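**Q** Before we start, here is the structure in question, set down as structure tokens.
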Amino acid sequence: MRQDLIQRVVIVGGGTAGWMAAAALGKLLGRMPEMRIELVESAEIGTIGVGEATIPHIALFNTMLGIDEAEFVRATQATYKLGIEFVDWRRIGHRYVHPFGVYGLDMLGVEFHHFWLKARSLGATVPLDAYSIGASAGMRGRFTHPRPELPNSPLAKLGYAFQFDAALYATYLRNLAETLGVIRTEGRIVNVLRDANTGHVSAVRLEDGTDIAGDLFIDCSGFRGLLIEQAMGATFQDWTDWLPCDRAVAVPCALGGDRMPLTRSIARAAGWQWRIPLQHRIGNGYVYAGAFLSDDEAAATLLAHLDGPPLAEPRQLAFRAGHRDRAWIGNVVAIGLAGGFLEPLESTSIHLVQSGIGRLMALFPSKNFDAAEIDRFNRETAREYADIRDFLILHYKATERDDSAFWRRCRDLTPPDGLREKIAMFRANGRIFRDQHELFPEASWLAVMNGQGIEPQGYHPIADLLSDEETLKRLNHIAQVIDETANTMPLQDAYLRELGCQPAPLRRVS
């Protein structure tokens, strides 16, 4: 057996990030000889706990942990999610859906949307959303699981994720992690001890004088970056010039309105409001730029646009868009908010935790802490943040809105080179290219570029191999099949009840 194996892993901080890391490490590493995984958290400090919406990758994480989905949905008051509905982003009064999954059917080796663009040039007016089972079902409040055994059905490629209570998810994972042998220690960290020779963290000291020693430390301390920044000196790559929103106010409210399996993002005068319907309440928040709106104005705007009475006092948060220049330094790895933050416009916060854990497991170190492996971790982390950043900027840059100083500022910003190239290629001939390992697929870029009003001037010439008549006939058939399939799906509340859930009734909005 190797003599340089990591034997003591210390996770600093709980919440969603800490307990996701703890459960994953407990599951994958817990059986290694003499392995001890310990999570240190203080109930006094608390967690951010507003990230409730996810993207489809979360299902893979839960499956890896051996989680039963129905049990998880019941325990976390979860609802299903087929995409995100964007309201007033392109212009006031306009809405579209960024669905999970695909659009239509690719034909003749060319992406479906080129045939849709051709049909539009022929006068067809069927919107892109009509060719997505996710968008069609989501707007009707319907859900069922994918049916891969039916390859000719739109349900074969239905993509889905979850909306859940983040605090309940952390509790659920804590219970799981502890059954896998993870040790939880309650206490406030007052000092970080470092080895004089290597500079590595050797232990964290608690308020009662206890030292928690470790070989590898995972920093899940949130924005504070207790280990990665305060102890190891990581600096911050600030993207405020591209993503000016730097504050948020969040509040849950009683159920009202609808419970469609969609997260809703509503553009406001100085940012945007999220709406996340769960089984027992609705999560709400206003992400905004402090330079254009005061905290009091933001809270008042949010409270004026709730579907039910607030269930708590509004909670203010301050942040910067960006990431640490290095998420891994020495024997410290930052996961979650300790490593960086991008506003939850596309529900990527929990995914960034998940992907950070995945990279750590792929490059899990020995006590030698190979520099090349650490460099690779940092490069891949920085690239993922940049890829998501560009996708978020697209929502702001490509807008017709000029009704406030905030939106005029967004329209006038100079996008990063990669995003500028993507927009130019789509505008010319509807081309969409994504770099290797980029998180968002072509269908996601299509949804947002089309939804935000970027109009291609042409389409792939292969689309003309189908006659005009055949093109329209095929597209009409695809839209009809999707429409009929969506109508046969059960309403989400009925589906939840089949899983043993008891979703609370919705309050009528007068």
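All residue names refer to the structure tokens as shown: chains lettered A, B, ... in order, residues numbered from 1 in each chain, ligands numbered from 1 in order.
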As JSON, numbers by chain, please: the residues near Glu111 (chain A) (cut-off 12 Å, only C-alpha atoms, same-chain neighbours under 4 positions excluded).
**A** {"A": [102, 103, 104, 105, 106, 107, 115, 116, 117, 118, 430, 431, 432, 433, 442, 443, 446, 459, 460, 461, 462, 463]}
**Q** Mind checking which residues fall within 7 Å of region 318-333 of chain A, counting only C-alpha atoms, ignoring those fewer than 2 positions away in the same chain, and posting them as a PyMOL selection string?
**A** chain A and resi 200-201+216-219+227-228+232+234-240+243+246-248+316+335+339-343+374+378
**Q** Could you give me, as a count of residues only, each residue of region 190-228 of chain A that DSSP assigns to strand (DSSP E) when run on this structure's backbone?
**A** 18
**Q** Please measure the separation of CA of Thr263 (chain A) and CA of Arg275 (chain A), giving the value in Å to one decimal.
**A**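 Separating CA of Thr263 (chain A) from CA of Arg275 (chain A) is a distance of 6.1 Å.
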**Q** Which one of A:Arg188, A:Arg74, A:Arg383, A:His395 sits closest to Ala447 (chain A) if you count only C-alpha atoms?
**A** A:His395
**Q** So which residues touch region 18-31 of chain A within 7 Å, counting only C-alpha atoms, skipping near sequence neighbours fewer than 3 positions away, as a list of chain:residue names?
**A**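 Once the adjacent positions are removed, what remains is A:Ile11, A:Gly13, A:Gly14, A:Gly15, A:Met35, A:Leu65, A:Ala170, A:Leu173, A:Arg174, A:Leu176, A:Ala177, A:Leu180, A:Gly181, A:Val182, A:Cys220, A:Ile357.
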**Q** Tell me, as a PyMOL selection string, which residues lie within 9 Å of Val190 (chain A), counting only C-alpha atoms; anything in the same chain fewer than 6 positions away does not count.
**A** chain A and resi 204-207+209
**Q** Could the residues in this selection be written to a file with N, CA and C atoms, as a tab-separated table (two decimals), in the first residue's frame?
**A**
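See out_9.tsv below for the written result:
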```
chain	number	residue	atom	x	y	z
A	204	VAL	N	-7.01	23.59	12.02
A	204	VAL	CA	-7.82	24.76	12.36
A	204	VAL	C	-8.12	24.70	13.85
A	205	ARG	N	-8.06	25.85	14.49
A	205	ARG	CA	-8.27	25.90	15.94
A	205	ARG	C	-9.66	26.46	16.23
A	206	LEU	N	-10.39	25.75	17.10
A	206	LEU	CA	-11.74	26.16	17.46
A	206	LEU	C	-11.72	27.09	18.67
A	207	GLU	N	-12.84	27.72	18.89
A	207	GLU	CA	-12.97	28.70	19.97
A	207	GLU	C	-12.67	28.07	21.33
A	209	GLY	N	-10.39	25.93	21.92
A	209	GLY	CA	-8.99	25.53	21.98
A	209	GLY	C	-8.66	24.23	21.28
```
